[in-house]
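A.B. asks: This is the structure I want to talk about, given as structure tokens.
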Amino acid sequence: MRRRHFVLGIGSTLLARPGVASAQQVRKMPLVGYLWHAASAEEEEPYYTAIVDGFAKLGYVDGRNIQLEHRFPDEKTERFRSMAAELVALSPDVLMGGAITSSYLKDATSTIPIIFMFVPDPIGLKLVQSFARPGGNVTGFVNFGRDLIGKRLQALKEIVPGMTRAALLVNPDQAAARIYVDETSAMARELNLSIQVFEVRKTEALGSAFDAMQKAQMQALITASGGSLFQWKAIIAKLALDYRLPYCAFSKETFDAGALGSYGADQVQMCIDSVAYADKILKGAKAGELPVQQPTKLQLFINRKVAKALGLTIPPTLLATADELVD
């Protein structure tokens, strides 16, 4: 009788706690939330596919053994905030985002693990305490550094005879804009170059910015990376060619839009690596103990067709070291 009462007691307790028995029998499907910056998956290519395929290659099938929630704010500040809050409200196991969105995710939660990518200065943006020991709930991947911007400027100096003045195009509404201005200006001084900053907040202002570059007699162009500058990549490349302004982009994707050249991190690989970090966190690792990773694979691309249209000759040293040449 006592044993029977004991068994009944356990059963009564379980029945009184809905979901306990089912939770023990069915393992919760992991949920990963990604906050993008553009308006759609198509506008985020090839990075969107790299993230989805990255999970698939690790055995995660969306809807079967993982749930992937994507949000697309369309570069609107209020939507960045509201969609970050939406994702946090879902209680995901991991949150992911790029340079523009990571700060919004961090503002929305101090407990859910966050993985960033394409961030130029995570310490300056107060995302992490250090690269080796990020601390808190955030870690990720960096796509920028003074040495990297130095090599980008150096490549332009070698291509453009007598170059002394270069334009830096930024969107001042993006949190990382000041970092690009400060680091680029510092590196330019070391190369005896003068950098002039041109600010653009909206697509329709790009033409006026190039008019101003022409009046200021700029000899070359570089841009900050990510966000709207990525969205405008084709327009910027076309305007640079129309205004006969040699343009060195920041990634293969921005180079493919029609730039003269590009020097920067392999950002598709960065997406794949970020998925590997998400996998580690889903398996028990803590974000604050995973070191922030700097780019290990840097790529140089040169478009000889654009160079010819601009009347420029690519030095043999650059041709020999380029990862890809386009004719």
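In the structure tokens, the first chain shown is A, the next is B, and so on; residue numbers restart at 1 for each chain, and ligands run from 1 in the order shown.
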With DSSP run on the backbone, what are the helix (DSSP H, G or I) residues within segment 11-112 of chain A? I'd like them as number ranges by chain.

C.D. replies: A: 11-16, 20-25, 42-44, 47-57, 77-89, 102-108

A.B. asks: At a cut-off of 12 Å, using only C-alpha atoms, what residues contact Lys308 of chain A? Leave out same-chain residues fewer than 5 positions from it and give the result as a list in words.

C.D. replies: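 Everything that qualifies: Ile159, Leu241, Arg244, Pro246, Leu260, Ile302, Asn303, Thr313, Ile314, Val326 and Asp327 of chain A.
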
A.B. asks: Neighbours of Pro30 of chain A within 12 Å (only C-alpha atoms; same-chain residues fewer than 5 positions away dropped), as a compact mmCIF listing (two decimals) with C-alpha atoms, in the first residue's frame?

C.D. replies:
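Done, and the output landed in result24.txt:
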```txt
# COMPACT_ATOMS: atom_id res chain seq x y z
CA PHE A 55 24.21 25.19 -40.53
CA TYR A 60 21.26 21.33 -38.81
CA VAL A 61 18.12 21.28 -40.97
CA ASP A 62 15.79 24.22 -40.47
CA GLY A 63 12.45 23.00 -39.16
CA ARG A 64 13.74 19.51 -38.39
CA ASN A 65 16.41 19.84 -35.74
CA ILE A 66 16.87 23.62 -35.56
CA GLN A 67 14.70 26.69 -35.98
CA LEU A 68 16.27 29.66 -37.79
CA GLU A 69 14.49 32.98 -37.31
CA LEU A 90 11.49 34.32 -28.64
CA SER A 91 14.12 33.25 -26.05
CA PRO A 92 16.57 31.93 -28.66
CA ASP A 93 19.61 29.85 -27.76
CA VAL A 94 21.85 32.09 -29.89
CA LEU A 95 21.54 35.47 -31.58
CA ALA A 278 26.96 29.01 -32.91
CA ASP A 279 27.36 25.23 -32.99
CA ILE A 281 27.45 27.50 -28.05
CA LEU A 282 24.54 25.15 -28.77
CA LYS A 283 26.76 22.37 -27.44
```

A.B. asks: As number ranges by chain, please: every residue in segment 199-289 of chain A that a backbone DSSP assignment puts in strand (DSSP E).

C.D. replies: A: 199, 221-223, 248-249, 261-265

A.B. asks: Please determine, counting only C-alpha atoms, which residue among A:Ala38, A:Ala224, A:Ala167, A:Leu298 has the shortest atom-to-atom distance to Leu245 of chain A.

C.D. replies: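 Checking each candidate against Leu245 of chain A, we get A:Ala167 as the closest.
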
A.B. asks: Which residues, written as a list in words, have at least one atom at most 7 Å from segment 110-119 of chain A, with only C-alpha atoms counted and residues fewer than 5 positions away on the same chain left out?

C.D. replies: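 That gives Asp93, Val94, Leu95, Met96, Gly97, Gly98, Ala99, Ser102, Asn137, Val138, Thr139, Gly140, Phe141, Val142, Asn143, Met270, Ser274 and Ala287 of chain A.
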
A.B. asks: Which is closer to Arg304 of chain A than all the others in A:Ala240, A:Ile235, A:Ala322, A:Ile149, using only C-alpha atoms?

C.D. replies: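 Closest to Arg304 of chain A, using only C-alpha atoms: A:Ala322.
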
A.B. asks: Please report the interatomic distance between atom CA of Ser130 of chain A and atom CA of Gly284 of chain A in Å with one decimal.

C.D. replies: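 So the answer is 21.2 Å.
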
A.B. asks: Identify, on the basis of only C-alpha atoms, every residue whose closest approach to Gly226 of chain A does not exceed 12 Å; exclude the query and any residue fewer than 5 positions from it along the same chain; express the result as a compact mmCIF listing (two decimals) with N, CA and C atoms, in the first residue's frame.

C.D. replies:
```
# COMPACT_ATOMS: atom_id res chain seq x y z
N TRP A 36 19.48 40.75 -39.64
CA TRP A 36 20.21 41.26 -40.80
C TRP A 36 20.10 42.78 -40.85
N HIS A 37 20.50 43.41 -41.94
CA HIS A 37 20.36 44.87 -42.04
C HIS A 37 19.55 45.30 -43.25
N ALA A 38 19.47 44.45 -44.28
CA ALA A 38 18.76 44.83 -45.51
C ALA A 38 17.27 44.47 -45.41
N GLU A 44 20.71 40.25 -48.99
CA GLU A 44 21.79 39.86 -48.10
C GLU A 44 22.72 38.82 -48.71
N TYR A 47 25.70 36.25 -48.24
CA TYR A 47 25.88 35.94 -46.82
C TYR A 47 24.73 35.12 -46.23
N GLU A 75 17.43 48.65 -43.11
CA GLU A 75 18.25 49.82 -42.77
C GLU A 75 17.49 50.90 -41.99
N GLY A 97 24.36 38.46 -35.79
CA GLY A 97 24.15 39.68 -36.55
C GLY A 97 25.45 40.26 -37.06
N GLY A 98 25.34 41.20 -38.00
CA GLY A 98 26.52 41.84 -38.58
C GLY A 98 26.93 43.09 -37.83
N ALA A 99 27.78 43.89 -38.46
CA ALA A 99 28.35 45.06 -37.81
C ALA A 99 27.29 46.06 -37.38
N ILE A 100 26.28 46.26 -38.22
CA ILE A 100 25.26 47.27 -37.94
C ILE A 100 24.33 46.80 -36.83
N THR A 101 24.00 45.52 -36.83
CA THR A 101 22.94 45.03 -35.95
C THR A 101 23.42 44.54 -34.58
N MET A 117 29.59 39.42 -36.67
CA MET A 117 30.56 39.29 -37.76
C MET A 117 30.66 40.62 -38.50
N PHE A 118 31.76 40.82 -39.23
CA PHE A 118 31.99 42.04 -40.01
C PHE A 118 32.15 43.29 -39.14
N VAL A 119 32.48 43.12 -37.87
CA VAL A 119 32.60 44.27 -36.97
C VAL A 119 34.03 44.81 -37.03
N PRO A 120 34.22 46.13 -37.21
CA PRO A 120 35.57 46.68 -37.32
C PRO A 120 36.31 46.80 -35.99
N ASN A 143 36.44 42.24 -39.26
CA ASN A 143 36.79 42.31 -40.69
C ASN A 143 37.63 43.54 -41.03
N PHE A 144 38.27 44.17 -40.03
CA PHE A 144 38.92 45.45 -40.27
C PHE A 144 40.10 45.62 -39.33
N LEU A 169 34.22 57.39 -48.21
CA LEU A 169 32.76 57.52 -48.20
C LEU A 169 32.19 56.74 -47.02
N VAL A 170 31.40 57.42 -46.18
CA VAL A 170 30.82 56.77 -45.00
C VAL A 170 29.36 57.20 -44.86
N ASN A 171 28.60 56.37 -44.15
CA ASN A 171 27.27 56.74 -43.69
C ASN A 171 27.40 57.07 -42.21
N GLN A 174 25.79 55.07 -39.23
CA GLN A 174 26.24 53.75 -38.80
C GLN A 174 27.25 53.89 -37.67
N ALA A 175 27.08 53.06 -36.64
CA ALA A 175 27.88 53.19 -35.41
C ALA A 175 29.37 53.13 -35.66
N ALA A 176 29.79 52.36 -36.66
CA ALA A 176 31.23 52.16 -36.89
C ALA A 176 31.86 53.23 -37.77
N ALA A 177 31.08 54.21 -38.24
CA ALA A 177 31.60 55.21 -39.18
C ALA A 177 32.80 55.95 -38.60
N TYR A 180 36.06 53.99 -38.79
CA TYR A 180 36.65 54.00 -40.12
C TYR A 180 37.36 55.32 -40.40
N GLN A 231 24.79 47.81 -49.52
CA GLN A 231 23.60 47.86 -50.34
C GLN A 231 23.81 48.73 -51.59
N TRP A 232 24.64 49.75 -51.47
CA TRP A 232 24.86 50.68 -52.58
C TRP A 232 26.03 50.27 -53.47
N LYS A 233 26.55 49.06 -53.30
CA LYS A 233 27.80 48.68 -53.96
C LYS A 233 27.78 48.86 -55.46
N ALA A 249 37.34 48.53 -53.27
CA ALA A 249 36.26 48.09 -52.39
C ALA A 249 36.80 47.27 -51.22
N PHE A 250 35.89 46.68 -50.41
CA PHE A 250 36.32 46.04 -49.17
C PHE A 250 36.06 44.54 -49.12
N SER A 251 35.48 43.96 -50.18
CA SER A 251 35.20 42.53 -50.17
C SER A 251 34.99 42.05 -51.61
N GLU A 253 32.45 40.64 -52.77
CA GLU A 253 31.08 40.95 -53.17
C GLU A 253 30.96 42.39 -53.67
N THR A 254 31.66 43.32 -53.00
CA THR A 254 31.61 44.71 -53.46
C THR A 254 32.49 44.89 -54.70
N GLN A 267 34.58 37.42 -46.45
CA GLN A 267 33.41 37.57 -45.58
C GLN A 267 32.45 36.39 -45.67
```

A.B. asks: Hey, can you check how far atom CA of Ala257 of chain A sits from atom CA of Ala234 of chain A?

C.D. replies: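 Spanning atom CA of Ala257 of chain A to atom CA of Ala234 of chain A is a straight-line distance of 4.9 Å.
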